[in-house]
>>> print(open('start-v4.cif').read())   # mmCIF, N, CA and C atoms
data_model
#
loop_
_atom_site.label_atom_id
_atom_site.label_comp_id
_atom_site.auth_asym_id
_atom_site.auth_seq_id
_atom_site.Cartn_x
_atom_site.Cartn_y
_atom_site.Cartn_z
N MET A 157 -24.42 -42.50 -76.58
CA MET A 157 -25.42 -43.32 -77.23
C MET A 157 -25.67 -42.77 -78.62
N SER A 158 -25.69 -43.65 -79.59
CA SER A 158 -25.87 -43.27 -80.98
C SER A 158 -27.34 -43.23 -81.35
N ARG A 159 -27.66 -42.38 -82.28
CA ARG A 159 -29.01 -42.30 -82.83
C ARG A 159 -29.25 -43.49 -83.75
N SER A 160 -30.49 -43.92 -83.86
CA SER A 160 -30.83 -45.06 -84.72
C SER A 160 -30.44 -44.79 -86.17
N ILE A 161 -29.81 -45.77 -86.80
CA ILE A 161 -29.52 -45.67 -88.23
C ILE A 161 -30.55 -46.45 -89.04
N VAL A 162 -31.55 -46.99 -88.34
CA VAL A 162 -32.57 -47.81 -88.99
C VAL A 162 -33.77 -46.97 -89.44
N THR A 163 -34.15 -45.98 -88.64
CA THR A 163 -35.32 -45.16 -88.94
C THR A 163 -35.09 -43.72 -88.49
N ASP A 164 -35.72 -42.80 -89.19
CA ASP A 164 -35.67 -41.39 -88.81
C ASP A 164 -36.83 -41.01 -87.88
N TYR A 165 -37.78 -41.91 -87.69
CA TYR A 165 -39.00 -41.64 -86.94
C TYR A 165 -38.84 -42.12 -85.49
N GLU A 166 -38.10 -41.36 -84.71
CA GLU A 166 -37.74 -41.76 -83.36
C GLU A 166 -38.93 -41.86 -82.40
N GLY A 167 -39.98 -41.12 -82.60
CA GLY A 167 -41.10 -41.13 -81.67
C GLY A 167 -42.22 -42.08 -82.02
N ILE A 168 -42.04 -42.86 -83.09
CA ILE A 168 -43.10 -43.74 -83.57
C ILE A 168 -42.64 -45.19 -83.51
N CYS A 169 -43.47 -46.06 -82.95
CA CYS A 169 -43.14 -47.48 -82.85
C CYS A 169 -42.84 -48.04 -84.23
N PHE A 170 -41.70 -48.64 -84.39
CA PHE A 170 -41.24 -49.22 -85.65
C PHE A 170 -42.17 -50.32 -86.14
N PHE A 171 -42.88 -50.96 -85.22
CA PHE A 171 -43.68 -52.13 -85.56
C PHE A 171 -45.16 -51.83 -85.80
N CYS A 172 -45.75 -50.94 -84.99
CA CYS A 172 -47.20 -50.72 -85.13
C CYS A 172 -47.58 -49.28 -85.46
N GLY A 173 -46.66 -48.34 -85.32
CA GLY A 173 -46.95 -46.94 -85.65
C GLY A 173 -47.51 -46.12 -84.50
N LYS A 174 -47.72 -46.73 -83.35
CA LYS A 174 -48.18 -45.96 -82.18
C LYS A 174 -47.02 -45.15 -81.62
N GLU A 175 -47.32 -44.34 -80.61
CA GLU A 175 -46.27 -43.57 -79.96
C GLU A 175 -45.26 -44.51 -79.30
N ALA A 176 -43.99 -44.27 -79.54
CA ALA A 176 -42.94 -45.11 -78.95
C ALA A 176 -42.74 -44.74 -77.49
N GLU A 177 -42.52 -45.76 -76.67
CA GLU A 177 -42.29 -45.56 -75.24
C GLU A 177 -40.88 -45.96 -74.83
N GLY A 178 -40.13 -46.51 -75.75
CA GLY A 178 -38.77 -46.95 -75.45
C GLY A 178 -38.05 -47.27 -76.74
N LYS A 179 -36.95 -48.02 -76.61
CA LYS A 179 -36.23 -48.44 -77.80
C LYS A 179 -35.92 -49.92 -77.70
N HIS A 180 -35.90 -50.54 -78.85
CA HIS A 180 -35.59 -51.97 -78.95
C HIS A 180 -34.22 -52.12 -79.59
N HIS A 181 -33.36 -52.87 -78.95
CA HIS A 181 -32.05 -53.19 -79.51
C HIS A 181 -32.25 -54.38 -80.45
N LEU A 182 -31.94 -54.19 -81.72
CA LEU A 182 -32.21 -55.24 -82.70
C LEU A 182 -31.44 -56.52 -82.40
N ILE A 183 -30.26 -56.38 -81.82
CA ILE A 183 -29.49 -57.54 -81.41
C ILE A 183 -29.32 -57.42 -79.90
N PHE A 184 -29.71 -58.45 -79.19
CA PHE A 184 -29.69 -58.36 -77.73
C PHE A 184 -29.07 -59.61 -77.14
N GLY A 185 -28.70 -59.51 -75.91
CA GLY A 185 -28.00 -60.57 -75.21
C GLY A 185 -26.82 -59.96 -74.49
N THR A 186 -26.08 -60.77 -73.80
CA THR A 186 -24.96 -60.29 -72.99
C THR A 186 -24.00 -59.42 -73.79
N GLY A 187 -23.90 -58.15 -73.41
CA GLY A 187 -22.97 -57.22 -74.03
C GLY A 187 -23.38 -56.67 -75.38
N LYS A 188 -24.43 -57.20 -75.95
CA LYS A 188 -24.81 -56.78 -77.31
C LYS A 188 -25.64 -55.50 -77.33
N ARG A 189 -26.37 -55.23 -76.28
CA ARG A 189 -27.16 -53.99 -76.24
C ARG A 189 -26.25 -52.77 -76.32
N GLU A 190 -25.14 -52.81 -75.61
CA GLU A 190 -24.20 -51.69 -75.63
C GLU A 190 -23.63 -51.49 -77.03
N LEU A 191 -23.32 -52.59 -77.71
CA LEU A 191 -22.82 -52.48 -79.08
C LEU A 191 -23.88 -51.89 -80.00
N CYS A 192 -25.13 -52.31 -79.83
CA CYS A 192 -26.22 -51.77 -80.64
C CYS A 192 -26.37 -50.27 -80.41
N ASP A 193 -26.24 -49.84 -79.15
CA ASP A 193 -26.31 -48.41 -78.87
C ASP A 193 -25.21 -47.66 -79.62
N LYS A 194 -24.01 -48.17 -79.58
CA LYS A 194 -22.88 -47.53 -80.27
C LYS A 194 -23.07 -47.52 -81.78
N ASP A 195 -23.62 -48.60 -82.33
CA ASP A 195 -23.77 -48.73 -83.78
C ASP A 195 -25.07 -48.13 -84.31
N GLY A 196 -26.00 -47.76 -83.42
CA GLY A 196 -27.28 -47.21 -83.86
C GLY A 196 -28.27 -48.26 -84.31
N LEU A 197 -28.08 -49.50 -83.88
CA LEU A 197 -28.97 -50.60 -84.28
C LEU A 197 -30.12 -50.75 -83.28
N THR A 198 -30.88 -49.68 -83.14
CA THR A 198 -32.05 -49.66 -82.27
C THR A 198 -33.22 -49.09 -83.06
N VAL A 199 -34.42 -49.40 -82.60
CA VAL A 199 -35.62 -48.82 -83.20
C VAL A 199 -36.56 -48.40 -82.07
N PRO A 200 -37.33 -47.34 -82.29
CA PRO A 200 -38.33 -46.94 -81.29
C PRO A 200 -39.43 -48.00 -81.23
N ILE A 201 -39.98 -48.20 -80.03
CA ILE A 201 -40.98 -49.26 -79.86
C ILE A 201 -41.95 -48.90 -78.74
N CYS A 202 -43.19 -49.31 -78.88
CA CYS A 202 -44.16 -49.14 -77.80
C CYS A 202 -44.03 -50.34 -76.87
N ASN A 203 -44.54 -50.21 -75.66
CA ASN A 203 -44.42 -51.30 -74.68
C ASN A 203 -45.16 -52.56 -75.11
N GLY A 204 -46.29 -52.41 -75.78
CA GLY A 204 -47.05 -53.56 -76.25
C GLY A 204 -46.27 -54.40 -77.26
N CYS A 205 -45.61 -53.75 -78.18
CA CYS A 205 -44.82 -54.47 -79.19
C CYS A 205 -43.51 -54.98 -78.62
N HIS A 206 -43.03 -54.33 -77.57
CA HIS A 206 -41.73 -54.72 -77.03
C HIS A 206 -41.84 -55.97 -76.16
N ASN A 207 -42.54 -55.87 -75.05
CA ASN A 207 -42.59 -57.04 -74.17
C ASN A 207 -43.85 -57.15 -73.31
N LEU A 208 -44.82 -56.25 -73.49
CA LEU A 208 -46.01 -56.30 -72.65
C LEU A 208 -47.28 -56.75 -73.37
N GLY A 209 -47.22 -56.85 -74.68
CA GLY A 209 -48.40 -57.27 -75.44
C GLY A 209 -48.55 -58.78 -75.46
N GLU A 210 -49.52 -59.24 -76.23
CA GLU A 210 -49.72 -60.68 -76.39
C GLU A 210 -48.47 -61.29 -77.02
N ALA A 211 -48.19 -62.53 -76.68
CA ALA A 211 -46.96 -63.19 -77.14
C ALA A 211 -46.79 -63.12 -78.67
N SER A 212 -47.88 -63.25 -79.40
CA SER A 212 -47.78 -63.25 -80.86
C SER A 212 -47.59 -61.85 -81.44
N SER A 213 -47.76 -60.81 -80.62
CA SER A 213 -47.67 -59.43 -81.09
C SER A 213 -46.46 -58.68 -80.58
N ARG A 214 -45.61 -59.32 -79.81
CA ARG A 214 -44.45 -58.62 -79.24
C ARG A 214 -43.15 -59.24 -79.76
N VAL A 215 -42.08 -58.50 -79.59
CA VAL A 215 -40.78 -58.99 -80.04
C VAL A 215 -40.22 -60.00 -79.05
N HIS A 216 -40.09 -59.63 -77.79
CA HIS A 216 -39.49 -60.54 -76.80
C HIS A 216 -40.48 -61.61 -76.38
N GLY A 217 -40.00 -62.83 -76.33
CA GLY A 217 -40.85 -63.97 -76.01
C GLY A 217 -41.48 -64.60 -77.24
N ASN A 218 -41.19 -64.06 -78.41
CA ASN A 218 -41.70 -64.57 -79.68
C ASN A 218 -40.47 -64.98 -80.50
N PRO A 219 -40.16 -66.27 -80.57
CA PRO A 219 -38.91 -66.71 -81.21
C PRO A 219 -38.73 -66.21 -82.65
N MET A 220 -39.78 -66.19 -83.43
CA MET A 220 -39.66 -65.74 -84.83
C MET A 220 -39.35 -64.25 -84.88
N ALA A 221 -40.04 -63.46 -84.06
CA ALA A 221 -39.79 -62.01 -84.03
C ALA A 221 -38.39 -61.71 -83.54
N GLU A 222 -37.91 -62.45 -82.55
CA GLU A 222 -36.56 -62.25 -82.05
C GLU A 222 -35.53 -62.55 -83.13
N LYS A 223 -35.74 -63.62 -83.87
CA LYS A 223 -34.82 -63.98 -84.95
C LYS A 223 -34.84 -62.93 -86.06
N LEU A 224 -36.02 -62.48 -86.44
CA LEU A 224 -36.12 -61.46 -87.47
C LEU A 224 -35.48 -60.14 -87.04
N SER A 225 -35.60 -59.81 -85.76
CA SER A 225 -34.97 -58.61 -85.22
C SER A 225 -33.46 -58.67 -85.41
N LYS A 226 -32.87 -59.79 -85.07
CA LYS A 226 -31.42 -59.96 -85.19
C LYS A 226 -31.00 -59.96 -86.66
N MET A 227 -31.80 -60.56 -87.52
CA MET A 227 -31.49 -60.57 -88.95
C MET A 227 -31.52 -59.15 -89.51
N LEU A 228 -32.53 -58.37 -89.10
CA LEU A 228 -32.62 -56.98 -89.55
C LEU A 228 -31.42 -56.18 -89.05
N GLY A 229 -31.04 -56.38 -87.80
CA GLY A 229 -29.88 -55.68 -87.26
C GLY A 229 -28.62 -55.97 -88.06
N GLN A 230 -28.43 -57.23 -88.40
CA GLN A 230 -27.24 -57.58 -89.19
C GLN A 230 -27.32 -57.01 -90.60
N ALA A 231 -28.49 -57.07 -91.22
CA ALA A 231 -28.64 -56.54 -92.58
C ALA A 231 -28.35 -55.04 -92.61
N VAL A 232 -28.83 -54.31 -91.63
CA VAL A 232 -28.57 -52.87 -91.56
C VAL A 232 -27.08 -52.62 -91.33
N TYR A 233 -26.48 -53.39 -90.42
CA TYR A 233 -25.04 -53.26 -90.17
C TYR A 233 -24.26 -53.44 -91.47
N GLU A 234 -24.56 -54.51 -92.19
CA GLU A 234 -23.84 -54.81 -93.42
C GLU A 234 -24.10 -53.76 -94.51
N GLY A 235 -25.27 -53.18 -94.50
CA GLY A 235 -25.60 -52.18 -95.51
C GLY A 235 -25.03 -50.80 -95.22
N ARG A 236 -24.77 -50.50 -93.95
CA ARG A 236 -24.37 -49.14 -93.59
C ARG A 236 -23.06 -49.02 -92.83
N ILE A 237 -22.58 -50.13 -92.24
CA ILE A 237 -21.41 -50.01 -91.36
C ILE A 237 -20.22 -50.84 -91.84
N GLY A 238 -20.41 -52.13 -92.03
CA GLY A 238 -19.26 -52.98 -92.33
C GLY A 238 -19.66 -54.28 -93.01
N THR A 239 -18.71 -55.18 -93.09
CA THR A 239 -18.90 -56.45 -93.78
C THR A 239 -19.49 -57.50 -92.84
N ARG A 240 -19.87 -58.63 -93.41
CA ARG A 240 -20.39 -59.73 -92.62
C ARG A 240 -19.33 -60.26 -91.65
N GLU A 241 -18.10 -60.34 -92.12
CA GLU A 241 -17.02 -60.81 -91.24
C GLU A 241 -16.81 -59.84 -90.08
N GLU A 242 -16.88 -58.56 -90.33
CA GLU A 242 -16.75 -57.57 -89.26
C GLU A 242 -17.92 -57.70 -88.27
N PHE A 243 -19.11 -57.96 -88.80
CA PHE A 243 -20.27 -58.17 -87.93
C PHE A 243 -20.04 -59.39 -87.04
N ARG A 244 -19.59 -60.48 -87.63
CA ARG A 244 -19.33 -61.70 -86.85
C ARG A 244 -18.33 -61.45 -85.73
N LYS A 245 -17.28 -60.73 -86.04
CA LYS A 245 -16.27 -60.45 -85.02
C LYS A 245 -16.85 -59.58 -83.91
N ARG A 246 -17.68 -58.59 -84.28
CA ARG A 246 -18.22 -57.65 -83.30
C ARG A 246 -19.33 -58.28 -82.46
N TYR A 247 -20.22 -59.03 -83.09
CA TYR A 247 -21.40 -59.56 -82.39
C TYR A 247 -21.33 -61.06 -82.07
N GLY A 248 -20.25 -61.72 -82.50
CA GLY A 248 -20.03 -63.10 -82.11
C GLY A 248 -20.61 -64.16 -83.02
N LYS A 249 -21.49 -63.79 -83.94
CA LYS A 249 -22.07 -64.77 -84.87
C LYS A 249 -22.82 -64.05 -85.97
N SER A 250 -23.20 -64.79 -86.99
CA SER A 250 -24.00 -64.27 -88.08
C SER A 250 -25.43 -64.76 -87.93
N TYR A 251 -26.38 -63.88 -88.16
CA TYR A 251 -27.80 -64.25 -88.11
C TYR A 251 -28.39 -64.44 -89.51
N LEU A 252 -27.57 -64.17 -90.53
CA LEU A 252 -28.04 -64.32 -91.91
C LEU A 252 -27.43 -65.55 -92.56
#
>>> encode(input="start-v4.cif", output="structure tokens")
Amino acid sequence: MSRSIVTDYEGICFFCGKEAEGKHHLIFGTGKRELCDKDGLTVPICNGCHNLGEASSRVHGNPMAEKLSKMLGQAVYEGRIGTREEFRKRYGKSYL
């Protein structure tokens, strides 16, 4: 499992700044979590921001937050790992 290439603050929720209780894969879906682990496209997250908080305050179950998560994952990939075409081949589509 790769360390996050998105943030150096592994113990702090990327979204609210509270203590992180897990990690969020910026791109998720069938087979994509494993790729995110390998590429470091994860961020620390508290349970409230991840999937247990109010719908408007969490990533999962909030369509806009889910879309922004995937866009951020792709932007980081393109900025630090590879090209947009390489991203498309690896993750199956472009979110940008």
>>> axis_aligned_box(input="start-v4.cif", around="range 228-243 of chain A", padding_each_side="6 Å", output="JSON")
{"center_x": -24.7, "center_y": -54.9, "center_z": -91.3, "size_x": 27.9, "size_y": 23.8, "size_z": 20.5}
>>> resolve_selection(input="start-v4.cif", expression="the PyMOL selection byres ((chain A and resi 159-171) around 6)", output="PyMOL selection string")
chain A and resi 157-158+172-176+195-202
>>> closest_residue(input="start-v4.cif", among="A:Tyr247, A:Glu234, A:Ala221, A:Ser213", to="Lys188 in chain A", atoms="all atoms listed in the file")
A:Tyr247
>>> select_by_dssp(input="start-v4.cif", residues="chain A", states="helix (DSSP H, G or I)", output="VMD selection string")
chain A and resid 188 to 195 203 to 208 211 to 213 219 to 236 240 to 247
>>> closest_residue(input="start-v4.cif", among="A:Val232, A:Cys205, A:Met227, A:Cys192", to="Leu252 in chain A", atoms="only N, CA and C atoms")
A:Met227
>>> select_by_dssp(input="start-v4.cif", residues="chain A", states="strand (DSSP E)", output="CSV table (one decimal) with N, CA and C atoms, keeping the file's coordinate frame")
chain,number,residue,atom,x,y,z
A,178,GLY,N,-40.1,-46.5,-75.8
A,178,GLY,CA,-38.8,-47.0,-75.4
A,178,GLY,C,-38.0,-47.3,-76.7
A,179,LYS,N,-37.0,-48.0,-76.6
A,179,LYS,CA,-36.2,-48.4,-77.8
A,179,LYS,C,-35.9,-49.9,-77.7
A,180,HIS,N,-35.9,-50.5,-78.8
A,180,HIS,CA,-35.6,-52.0,-79.0
A,180,HIS,C,-34.2,-52.1,-79.6
A,181,HIS,N,-33.4,-52.9,-79.0
A,181,HIS,CA,-32.0,-53.2,-79.5
A,181,HIS,C,-32.2,-54.4,-80.4
A,198,THR,N,-30.9,-49.7,-83.1
A,198,THR,CA,-32.0,-49.7,-82.3
A,198,THR,C,-33.2,-49.1,-83.1
A,199,VAL,N,-34.4,-49.4,-82.6
A,199,VAL,CA,-35.6,-48.8,-83.2
A,199,VAL,C,-36.6,-48.4,-82.1
A,200,PRO,N,-37.3,-47.3,-82.3
A,200,PRO,CA,-38.3,-46.9,-81.3
A,200,PRO,C,-39.4,-48.0,-81.2
A,201,ILE,N,-40.0,-48.2,-80.0
A,201,ILE,CA,-41.0,-49.3,-79.9
A,201,ILE,C,-42.0,-48.9,-78.7
>>> atom_distance(input="start-v4.cif", atom1="CA of Lys249 in chain A", atom2="CA of Phe184 in chain A")
12.3 Å
>>> atom_distance(input="start-v4.cif", atom1="CA of Gln230 in chain A", atom2="CA of Glu177 in chain A")
23.8 Å
>>> atom_distance(input="start-v4.cif", atom1="atom N of Asp193 in chain A", atom2="atom N of Leu208 in chain A")
20.5 Å
>>> resolve_selection(input="start-v4.cif", expression="the PyMOL selection byres ((chain A and resi 183) around 6)", output="list of chain:residue names")
A:His181, A:Leu182, A:Phe184, A:Gly185, A:Lys188, A:Arg189, A:Leu197, A:Ser225, A:Lys226, A:Gly229
>>> residues_around(input="start-v4.cif", residues="Val215 in chain A", least_positions_apart="3", cutoff="9 Å", atoms="only C-alpha atoms", output="PyMOL selection string")
chain A and resi 180+205-207+211-212+218-222+225
